[in-house]
$ cat query_38.cif   # mmCIF, C-alpha atoms
data_work
loop_
_atom_site.label_atom_id
_atom_site.label_comp_id
_atom_site.auth_asym_id
_atom_site.auth_seq_id
_atom_site.Cartn_x
_atom_site.Cartn_y
_atom_site.Cartn_z
CA MET A 1 8.46 0.07 31.53
CA ARG A 2 10.05 3.41 32.37
CA LEU A 3 12.20 4.98 29.69
CA ASP A 4 15.34 4.96 31.85
CA ARG A 5 14.87 1.23 32.56
CA TRP A 6 14.39 0.57 28.84
CA PHE A 7 17.72 2.32 28.23
CA ARG A 8 19.44 0.24 30.93
CA SER A 9 18.12 -2.89 29.22
CA HIS A 10 19.17 -1.98 25.68
CA TYR A 11 22.00 0.57 26.12
CA ALA A 12 23.71 -0.49 29.34
CA GLN A 13 26.87 1.45 28.42
CA VAL A 14 25.01 4.81 28.59
CA PRO A 15 25.34 6.30 32.12
CA HIS A 16 22.21 7.73 33.72
CA GLY A 17 23.72 11.23 33.76
CA ARG A 18 24.33 11.08 30.03
CA LEU A 19 20.79 9.85 29.42
CA GLU A 20 19.44 12.81 31.41
CA LYS A 21 21.48 15.19 29.22
CA LEU A 22 20.20 13.51 26.03
CA LEU A 23 16.64 13.94 27.32
CA ARG A 24 17.16 17.59 28.36
CA THR A 25 18.53 18.48 24.91
CA GLY A 26 15.72 16.63 23.11
CA GLN A 27 18.02 14.09 21.44
CA VAL A 28 15.97 11.20 22.79
CA ARG A 29 12.29 11.40 21.88
CA VAL A 30 9.22 9.21 22.27
CA ASP A 31 6.75 9.30 19.37
CA GLY A 32 8.48 12.49 18.19
CA GLY A 33 8.00 14.36 21.47
CA ARG A 34 10.26 15.22 24.39
CA ALA A 35 10.30 12.76 27.27
CA LYS A 36 11.66 12.31 30.79
CA ALA A 37 13.51 9.44 32.42
CA ASN A 38 10.33 8.36 34.24
CA THR A 39 8.15 8.45 31.09
CA ARG A 40 6.13 5.22 30.90
CA LEU A 41 6.44 3.42 27.57
CA GLU A 42 3.57 1.66 25.86
CA ALA A 43 3.55 -1.02 23.19
CA GLY A 44 3.81 0.39 19.69
CA GLN A 45 5.61 3.60 20.62
CA THR A 46 8.70 4.74 18.69
CA ILE A 47 11.84 5.77 20.54
CA ARG A 48 14.35 7.97 18.74
CA VAL A 49 17.91 7.25 19.85
CA PRO A 50 20.79 9.41 18.51
CA PRO A 51 24.03 7.77 17.31
CA LEU A 52 25.93 6.50 20.34
CA PRO A 53 29.64 5.56 20.24
CA ASP A 54 30.17 1.81 20.72
CA ALA A 55 26.44 1.29 21.15
CA PRO A 56 24.79 -1.89 19.92
CA PRO A 57 22.17 -1.53 17.20
CA PRO A 58 18.66 -0.79 18.47
CA PRO A 59 16.24 -3.73 18.88
CA GLY A 60 15.02 -5.07 15.54
CA ALA A 61 17.71 -3.28 13.54
CA PRO A 62 19.14 -5.30 10.62
CA LYS A 63 22.63 -6.72 10.88
CA PRO A 64 25.05 -4.59 8.81
CA LEU A 65 26.46 -6.28 5.75
CA SER A 66 30.12 -7.23 5.69
CA LYS A 67 32.40 -6.04 2.90
CA ALA A 68 32.29 -9.56 1.45
CA ASP A 69 28.47 -9.56 1.43
CA ARG A 70 28.33 -6.14 -0.25
CA ALA A 71 30.88 -7.26 -2.84
CA PHE A 72 28.83 -10.40 -3.52
CA LEU A 73 25.60 -8.44 -4.01
CA LYS A 74 27.38 -6.04 -6.34
CA SER A 75 28.81 -8.93 -8.36
CA ILE A 76 25.35 -10.42 -9.02
CA THR A 77 23.52 -7.13 -9.67
CA LEU A 78 22.17 -6.93 -13.22
CA TYR A 79 20.19 -3.69 -12.94
CA GLU A 80 19.49 -1.03 -10.31
CA ASP A 81 17.59 2.24 -10.09
CA ASP A 82 15.77 4.18 -7.36
CA ASP A 83 12.95 1.62 -7.24
CA LEU A 84 14.44 -1.70 -8.26
CA LEU A 85 17.33 -4.07 -7.69
CA ILE A 86 17.53 -7.01 -10.11
CA LEU A 87 19.94 -9.82 -9.30
CA ASN A 88 21.38 -12.84 -11.10
CA LYS A 89 20.88 -15.42 -8.35
CA PRO A 90 23.50 -18.16 -8.44
CA SER A 91 22.46 -21.80 -8.39
CA GLY A 92 22.68 -23.33 -4.91
CA ILE A 93 21.83 -20.19 -2.93
CA ALA A 94 18.41 -20.04 -1.27
CA VAL A 95 16.18 -17.02 -1.76
CA GLN A 96 14.74 -17.25 1.75
CA GLY A 97 15.87 -18.83 5.00
CA GLY A 98 14.71 -22.03 6.65
CA THR A 99 15.46 -24.28 9.59
CA LYS A 100 18.96 -25.11 8.36
CA THR A 101 19.46 -22.21 5.95
CA VAL A 102 21.47 -19.33 7.39
CA GLN A 103 22.91 -17.74 4.25
CA HIS A 104 20.24 -16.61 1.78
CA ILE A 105 19.34 -13.63 -0.41
CA ASP A 106 16.67 -12.31 1.94
CA ARG A 107 19.21 -12.08 4.79
CA LEU A 108 21.47 -9.96 2.60
CA LEU A 109 18.56 -7.67 1.70
CA GLU A 110 17.87 -7.07 5.41
CA GLY A 111 21.29 -5.45 5.70
CA LEU A 112 20.48 -2.90 2.99
CA GLY A 113 17.81 -1.12 5.05
CA ASP A 114 18.28 0.95 8.19
CA ARG A 115 15.21 -0.65 9.77
CA PRO A 116 12.89 -3.57 8.92
CA GLU A 117 10.23 -1.45 7.22
CA THR A 118 12.73 0.19 4.84
CA ARG A 119 14.67 -2.84 3.66
CA PRO A 120 14.30 -4.08 0.07
CA ARG A 121 11.67 -6.75 -0.51
CA LEU A 122 11.57 -9.85 -2.68
CA VAL A 123 8.90 -9.66 -5.37
CA HIS A 124 8.99 -13.33 -6.42
CA ARG A 125 10.93 -16.52 -5.69
CA LEU A 126 13.31 -18.97 -7.33
CA ASP A 127 14.17 -22.47 -6.14
CA ARG A 128 17.52 -22.85 -4.40
CA ASP A 129 18.96 -24.77 -7.36
CA THR A 130 17.49 -22.49 -10.06
CA SER A 131 19.71 -19.63 -11.20
CA GLY A 132 18.84 -16.37 -12.89
CA VAL A 133 16.81 -13.17 -12.74
CA LEU A 134 15.44 -12.22 -9.33
CA VAL A 135 13.49 -8.95 -8.90
CA VAL A 136 13.72 -6.94 -5.66
CA ALA A 137 11.69 -3.83 -4.77
CA LYS A 138 13.49 -1.14 -2.77
CA ARG A 139 10.36 0.08 -1.00
CA ARG A 140 7.07 -1.33 0.23
CA GLY A 141 5.01 0.72 -2.25
CA VAL A 142 7.07 -0.52 -5.20
CA ALA A 143 6.71 -4.11 -3.96
CA ALA A 144 2.92 -3.70 -3.86
CA LYS A 145 2.83 -2.42 -7.46
CA LEU A 146 5.03 -5.23 -8.71
CA GLY A 147 3.02 -7.77 -6.75
CA ARG A 148 -0.09 -6.69 -8.62
CA ALA A 149 1.80 -6.90 -11.93
CA PHE A 150 2.79 -10.50 -11.20
CA GLN A 151 -0.78 -11.37 -10.15
CA THR A 152 -2.28 -9.87 -13.32
CA ARG A 153 0.32 -11.72 -15.44
CA SER A 154 1.66 -8.57 -17.07
CA VAL A 155 5.17 -9.82 -16.28
CA ARG A 156 6.88 -11.83 -19.02
CA LYS A 157 9.25 -14.53 -17.75
CA ILE A 158 11.46 -16.76 -19.89
CA TYR A 159 13.42 -19.70 -18.49
CA TRP A 160 16.01 -21.79 -20.28
CA ALA A 161 16.36 -25.48 -19.46
CA LEU A 162 18.28 -28.47 -20.74
CA VAL A 163 16.11 -31.59 -20.73
CA HIS A 164 16.51 -35.28 -21.39
CA GLY A 165 15.33 -36.17 -24.89
CA VAL A 166 13.52 -33.94 -27.39
CA PRO A 167 9.82 -33.11 -26.81
CA LYS A 168 7.34 -33.66 -29.63
CA PRO A 169 5.71 -31.50 -30.79
CA SER A 170 8.52 -28.97 -30.58
CA GLN A 171 6.16 -26.25 -29.29
CA GLY A 172 3.16 -26.58 -27.03
CA LYS A 173 1.37 -25.84 -23.79
CA ILE A 174 1.40 -27.90 -20.61
CA ASP A 175 -1.84 -27.41 -18.68
CA ALA A 176 -1.51 -29.70 -15.68
CA ALA A 177 -2.81 -28.72 -12.24
CA LEU A 178 -0.43 -29.54 -9.40
CA VAL A 179 -0.90 -30.91 -5.90
CA LYS A 180 1.65 -30.57 -3.10
CA ALA A 181 2.98 -33.88 -1.79
CA THR A 182 5.24 -34.34 1.22
CA THR A 183 7.84 -37.08 0.85
CA PRO A 184 10.66 -38.37 3.10
CA ASP A 185 13.02 -36.33 0.90
CA GLY A 186 11.10 -33.08 1.29
CA ASP A 187 8.29 -31.23 -0.45
CA ARG A 188 7.35 -32.14 -3.99
CA VAL A 189 4.42 -31.47 -6.33
CA ARG A 190 2.66 -33.92 -8.64
CA LYS A 191 -0.06 -33.88 -11.25
CA ALA A 192 -3.51 -33.65 -9.71
CA ARG A 193 -5.66 -36.76 -9.93
CA PRO A 194 -9.43 -36.91 -10.59
CA GLY A 195 -11.31 -35.81 -7.49
CA GLU A 196 -8.51 -33.58 -6.18
CA GLN A 197 -9.87 -30.33 -7.63
CA ASP A 198 -10.36 -28.87 -4.16
CA LYS A 199 -6.62 -28.91 -3.37
CA ALA A 200 -5.17 -28.69 -6.89
CA GLN A 201 -3.50 -25.50 -8.15
CA SER A 202 -3.88 -24.53 -11.79
CA ALA A 203 -0.50 -24.52 -13.56
CA VAL A 204 0.19 -23.59 -17.20
CA THR A 205 3.51 -23.50 -19.05
CA HIS A 206 4.30 -22.73 -22.70
CA TYR A 207 7.37 -24.50 -24.06
CA ALA A 208 9.43 -24.55 -27.24
CA VAL A 209 12.54 -26.40 -28.39
CA ILE A 210 15.31 -23.92 -29.26
CA ASP A 211 17.99 -26.46 -30.17
CA ARG A 212 18.79 -30.15 -29.79
CA ALA A 213 21.79 -32.46 -29.52
CA ALA A 214 20.69 -35.49 -31.55
CA ARG A 215 17.90 -37.15 -29.56
CA GLU A 216 19.77 -36.96 -26.29
CA VAL A 217 19.23 -33.41 -25.00
CA ALA A 218 17.12 -30.38 -25.94
CA LEU A 219 17.53 -26.71 -25.09
CA MET A 220 14.09 -25.44 -24.07
CA SER A 221 12.45 -22.03 -23.73
CA LEU A 222 9.87 -22.21 -20.93
CA LYS A 223 7.31 -19.49 -20.30
CA PRO A 224 5.24 -20.01 -17.14
CA VAL A 225 1.79 -18.45 -17.15
CA THR A 226 1.30 -19.30 -13.48
CA GLY A 227 3.96 -19.37 -10.77
CA ARG A 228 3.52 -22.56 -8.72
CA GLN A 229 6.20 -24.19 -6.61
CA HIS A 230 8.47 -26.39 -8.78
CA GLN A 231 6.09 -25.78 -11.71
CA LEU A 232 8.62 -25.95 -14.55
CA ARG A 233 10.47 -28.90 -13.07
CA ALA A 234 7.28 -30.88 -12.49
CA HIS A 235 5.78 -29.96 -15.86
CA MET A 236 8.85 -31.12 -17.80
CA ALA A 237 8.81 -34.39 -15.85
CA ILE A 238 5.09 -34.79 -16.63
CA LEU A 239 5.88 -34.17 -20.29
CA GLY A 240 8.37 -37.04 -20.08
CA HIS A 241 11.48 -34.87 -20.43
CA PRO A 242 12.91 -34.08 -16.97
CA ILE A 243 15.45 -31.31 -16.58
CA LEU A 244 19.10 -32.38 -16.47
CA GLY A 245 20.46 -32.67 -12.95
CA ASP A 246 17.05 -32.46 -11.25
CA THR A 247 17.16 -34.64 -8.14
CA LYS A 248 13.58 -33.85 -7.08
CA TYR A 249 12.01 -34.85 -10.41
CA PRO A 250 14.72 -37.12 -11.85
CA SER A 251 14.95 -38.89 -15.17
CA GLU A 252 15.51 -42.62 -15.56
CA ALA A 253 18.09 -41.75 -18.21
CA GLU A 254 21.70 -41.30 -17.17
CA LEU A 255 23.18 -37.82 -17.14
CA PRO A 256 25.35 -37.37 -20.26
CA ASP A 257 29.08 -37.79 -19.72
CA GLY A 258 30.90 -34.68 -18.55
CA ILE A 259 27.72 -32.82 -17.49
CA GLU A 260 27.70 -31.55 -13.92
CA ARG A 261 25.05 -33.06 -11.66
CA ARG A 262 23.29 -29.75 -10.97
CA LEU A 263 19.90 -28.44 -12.01
CA HIS A 264 20.08 -27.02 -15.54
CA LEU A 265 17.26 -24.50 -15.16
CA HIS A 266 17.90 -20.78 -15.53
CA ALA A 267 15.57 -17.76 -15.21
CA ARG A 268 16.92 -16.21 -18.39
CA ARG A 269 14.88 -13.07 -18.88
CA ILE A 270 12.13 -10.95 -17.34
CA ALA A 271 10.23 -7.97 -18.75
CA PHE A 272 7.56 -5.82 -17.08
CA PRO A 273 6.25 -2.24 -17.00
CA HIS A 274 8.38 -0.07 -14.73
CA PRO A 275 6.50 0.59 -11.45
CA SER A 276 6.99 4.33 -12.01
CA GLY A 277 4.78 4.04 -15.09
CA GLU A 278 7.61 5.10 -17.39
CA GLY A 279 8.93 2.54 -19.85
CA VAL A 280 9.58 -1.18 -19.59
CA VAL A 281 12.24 -3.04 -17.64
CA ASP A 282 13.77 -5.84 -19.73
CA VAL A 283 16.62 -7.76 -18.09
CA THR A 284 18.55 -10.86 -19.16
CA ALA A 285 20.81 -12.94 -16.93
CA PRO A 286 23.97 -14.63 -18.25
CA LEU A 287 24.20 -18.39 -17.79
CA PRO A 288 25.74 -19.94 -14.66
CA PRO A 289 29.08 -21.74 -15.13
CA HIS A 290 27.66 -25.29 -15.09
CA MET A 291 25.17 -24.42 -17.86
CA GLU A 292 27.82 -22.59 -19.88
CA ALA A 293 29.88 -25.79 -19.78
CA ALA A 294 26.86 -27.87 -20.86
CA PHE A 295 26.09 -25.46 -23.73
CA ALA A 296 29.69 -25.81 -24.94
CA ALA A 297 29.53 -29.61 -24.67
CA PHE A 298 26.32 -29.85 -26.71
CA GLY A 299 27.18 -27.06 -29.16
CA PHE A 300 24.32 -24.79 -28.10
CA SER A 301 24.62 -21.01 -28.56
CA PRO A 302 24.03 -18.82 -25.48
CA LYS A 303 23.06 -15.94 -27.81
CA GLY A 304 20.02 -17.59 -29.34
CA GLY A 305 16.63 -15.93 -29.29
CA ASP A 306 13.12 -17.13 -28.54
CA PRO A 307 11.42 -19.26 -31.18
CA ASP A 308 8.92 -16.44 -31.74
CA GLY A 309 11.85 -14.14 -32.56
CA ASP A 310 10.85 -11.31 -30.25
CA ALA A 311 14.33 -10.25 -29.18
CA GLU A 312 17.97 -11.05 -28.87
CA LEU A 313 18.50 -12.45 -25.40
CA CYS A 314 21.46 -10.43 -24.19
CA GLY A 315 22.10 -7.25 -22.26
CA VAL A 316 20.03 -5.11 -19.92
CA SER A 317 17.69 -2.34 -20.87
CA CYS A 318 15.12 -0.12 -19.25
CA GLY A 319 13.12 2.11 -21.51
#
$ encode --input "query_38.cif" --output "structure tokens"
Amino acid sequence: MRLDRWFRSHYAQVPHGRLEKLLRTGQVRVDGGRAKANTRLEAGQTIRVPPLPDAPPPPGAPKPLSKADRAFLKSITLYEDDDLLILNKPSGIAVQGGTKTVQHIDRLLEGLGDRPETRPRLVHRLDRDTSGVLVVAKRRGVAAKLGRAFQTRSVRKIYWALVHGVPKPSQGKIDAALVKATTPDGDRVRKARPGEQDKAQSAVTHYAVIDRAAREVALMSLKPVTGRQHQLRAHMAILGHPILGDTKYPSEAELPDGIERRLHLHARRIAFPHPSGEGVVDVTAPLPPHMEAAFAAFGFSPKGGDPDGDAELCGVSCG
């Protein structure tokens, strides 16, 4: 396609005479060089277009964020520097889009970059109904470094969950490989059966009881070693203590009176070496409203620490 025809297709409001002037003055360039109206374009070439009044965004450009979207992102930001953006994802908001999912975190991130290759990138995922710490890399190189950190398990993740009953023993390890299973209600995972080693995914979770409300409910600290889909939810169900409000891996026990029917699983804290090589990022996310209400109902303290006593779980630090 000729360059002038490409402009007519994408910038119909720019008259041909104005395009010729932009070309003569070098404001429009192809692969960094000057071009003419009859220059033939090839796949993969880059066209530089100067700011044009009332012009639509160039093809592939992200949709600008509205003031409401920017205010929402600011309200859930726990930590930010030149490399990282760490969010407190609310329960009920998807991390990525799908067939019927229009509003999601990844769509908001697209609006933070001036072109697809410069927009912030998700480093890991959380289920739609799981709240808490979500790490975002501001550049591709940072995302690659953090990706390797997650793969080598040098990232420490702590989740808090409220579960039916009280596990015994109060501390332990769940080592149960998982297999994906499609059901009429959507994707699920289950414990692998003998002979399914070829399609099973190794999954390991360390757990500990932080507090309990009689024998009815326990506050759990969950530390996943691996990061499989629905791992914590499936592992607690396999242990015989499903998470409160979990509709994918439900309990036969009734939800306690006054407790909201929402998933009570929260990515509480994450710690990892800063991708710059300087210091450690250690971020904690406050509880979502429905879990705050449950904590108050059961008399649990939101300022408790891990059973191994490694830190107070509050605040944000990088150093």
$ resolve_selection --input "query_38.cif" --expression "the PyMOL selection byres ((chain A and resi 258) around 10)" --output "short mmCIF file (atom, residue, chain, number, x, y, z; two decimals) with C-alpha atoms, in the coordinates of the input"
data_model
loop_
_atom_site.label_atom_id
_atom_site.label_comp_id
_atom_site.auth_asym_id
_atom_site.auth_seq_id
_atom_site.Cartn_x
_atom_site.Cartn_y
_atom_site.Cartn_z
CA LEU A 255 23.18 -37.82 -17.14
CA PRO A 256 25.35 -37.37 -20.26
CA ASP A 257 29.08 -37.79 -19.72
CA ILE A 259 27.72 -32.82 -17.49
CA GLU A 260 27.70 -31.55 -13.92
CA ARG A 261 25.05 -33.06 -11.66
CA ALA A 293 29.88 -25.79 -19.78
CA ALA A 294 26.86 -27.87 -20.86
CA ALA A 297 29.53 -29.61 -24.67
#
$ residues_around --input "query_38.cif" --residues "Ala285 of chain A" --least-positions-apart "5" --cutoff "7 Å" --atoms "all atoms listed in the file" --output "JSON, numbers by chain"
{"A": [88, 132, 133, 268, 269]}
$ resolve_selection --input "query_38.cif" --expression "the PyMOL selection byres ((chain A and resi 27) around 12)" --output "PyMOL selection string"
chain A and resi 18-26+28-30+32-36+47-52
$ resolve_selection --input "query_38.cif" --expression "the PyMOL selection byres ((chain A and resi 271) around 7)" --output "ChimeraX atom specification"
/A:155-157,269-270,272,280-283
$ closest_residue --input "query_38.cif" --among "A:Ala267, A:Ala143, A:Phe7, A:Asp211" --to "Ser301 of chain A" --atoms "all atoms listed in the file"
A:Asp211
$ atom_distance --input "query_38.cif" --atom1 "atom CA of Asp129 of chain A" --atom2 "atom CA of Ser91 of chain A"
4.7 Å
$ atom_distance --input "query_38.cif" --atom1 "atom CA of Gln171 of chain A" --atom2 "atom CA of His206 of chain A"
7.7 Å
$ atom_distance --input "query_38.cif" --atom1 "atom CA of Thr205 of chain A" --atom2 "atom CA of Ala237 of chain A"
12.5 Å
$ closest_residue --input "query_38.cif" --among "A:Pro64, A:Val95, A:Ala176, A:Lys74" --to "Lys191 of chain A" --atoms "only C-alpha atoms"
A:Ala176
$ axis_aligned_box --input "query_38.cif" --around "segment 151-162 of chain A" --padding-each-side "3 Å" --output "AutoDock Vina command-line options"
--center_x 8.0 --center_y -18.5 --center_z -15.4 --size_x 26.6 --size_y 25.9 --size_z 16.6
$ build_atoms --input "query_38.cif" --residues "segment 9-30 of chain A" --atoms "N, CA, C and O atoms" --output "tab-separated table (two decimals), in the coordinates of the input"
chain	number	residue	atom	x	y	z
A	9	SER	N	18.26	-1.57	29.80
A	9	SER	CA	18.12	-2.89	29.22
A	9	SER	C	18.80	-2.99	27.86
A	9	SER	O	19.45	-3.99	27.54
A	10	HIS	N	18.68	-1.92	27.05
A	10	HIS	CA	19.17	-1.98	25.68
A	10	HIS	C	20.47	-1.22	25.45
A	10	HIS	O	21.19	-1.52	24.49
A	11	TYR	N	20.79	-0.24	26.28
A	11	TYR	CA	22.00	0.57	26.12
A	11	TYR	C	22.68	0.69	27.49
A	11	TYR	O	22.78	1.78	28.06
A	12	ALA	N	23.15	-0.45	27.99
A	12	ALA	CA	23.71	-0.49	29.34
A	12	ALA	C	24.95	0.38	29.47
A	12	ALA	O	25.30	0.81	30.58
A	13	GLN	N	25.64	0.67	28.35
A	13	GLN	CA	26.87	1.45	28.42
A	13	GLN	C	26.61	2.95	28.55
A	13	GLN	O	27.54	3.73	28.73
A	14	VAL	N	25.34	3.39	28.47
A	14	VAL	CA	25.01	4.81	28.59
A	14	VAL	C	24.73	5.14	30.06
A	14	VAL	O	23.73	4.67	30.62
A	15	PRO	N	25.57	5.94	30.71
A	15	PRO	CA	25.34	6.30	32.12
A	15	PRO	C	24.04	7.09	32.27
A	15	PRO	O	23.58	7.76	31.33
A	16	HIS	N	23.47	7.04	33.49
A	16	HIS	CA	22.21	7.73	33.72
A	16	HIS	C	22.36	9.24	33.51
A	16	HIS	O	21.46	9.89	32.96
A	17	GLY	N	23.51	9.80	33.93
A	17	GLY	CA	23.72	11.23	33.76
A	17	GLY	C	23.72	11.62	32.29
A	17	GLY	O	23.18	12.68	31.91
A	18	ARG	N	24.31	10.76	31.45
A	18	ARG	CA	24.33	11.08	30.03
A	18	ARG	C	22.93	10.97	29.43
A	18	ARG	O	22.54	11.76	28.57
A	19	LEU	N	22.17	9.98	29.90
A	19	LEU	CA	20.79	9.85	29.42
A	19	LEU	C	19.99	11.10	29.78
A	19	LEU	O	19.22	11.62	28.95
A	20	GLU	N	20.17	11.61	31.00
A	20	GLU	CA	19.44	12.81	31.41
A	20	GLU	C	19.80	13.99	30.49
A	20	GLU	O	18.92	14.78	30.11
A	21	LYS	N	21.07	14.10	30.11
A	21	LYS	CA	21.48	15.19	29.22
A	21	LYS	C	20.84	15.02	27.83
A	21	LYS	O	20.38	15.99	27.22
A	22	LEU	N	20.81	13.77	27.33
A	22	LEU	CA	20.20	13.51	26.03
A	22	LEU	C	18.71	13.87	26.06
A	22	LEU	O	18.16	14.39	25.08
A	23	LEU	N	18.06	13.61	27.19
A	23	LEU	CA	16.64	13.94	27.32
A	23	LEU	C	16.43	15.45	27.41
A	23	LEU	O	15.51	16.00	26.80
A	24	ARG	N	17.30	16.14	28.20
A	24	ARG	CA	17.16	17.59	28.36
A	24	ARG	C	17.34	18.32	27.03
A	24	ARG	O	16.66	19.31	26.75
A	25	THR	N	18.26	17.81	26.19
A	25	THR	CA	18.53	18.48	24.91
A	25	THR	C	17.62	17.98	23.78
A	25	THR	O	17.78	18.39	22.63
A	26	GLY	N	16.70	17.09	24.11
A	26	GLY	CA	15.72	16.63	23.11
A	26	GLY	C	16.28	15.65	22.10
A	26	GLY	O	15.65	15.41	21.06
A	27	GLN	N	17.44	15.05	22.39
A	27	GLN	CA	18.02	14.09	21.44
A	27	GLN	C	17.35	12.73	21.51
A	27	GLN	O	17.38	11.96	20.55
A	28	VAL	N	16.78	12.41	22.65
A	28	VAL	CA	15.97	11.20	22.79
A	28	VAL	C	14.52	11.62	22.82
A	28	VAL	O	14.13	12.48	23.63
A	29	ARG	N	13.71	11.03	21.95
A	29	ARG	CA	12.29	11.40	21.88
A	29	ARG	C	11.43	10.15	21.83
A	29	ARG	O	11.86	9.10	21.33
A	30	VAL	N	10.20	10.29	22.30
A	30	VAL	CA	9.22	9.21	22.27
A	30	VAL	C	8.04	9.67	21.42
A	30	VAL	O	7.42	10.69	21.73
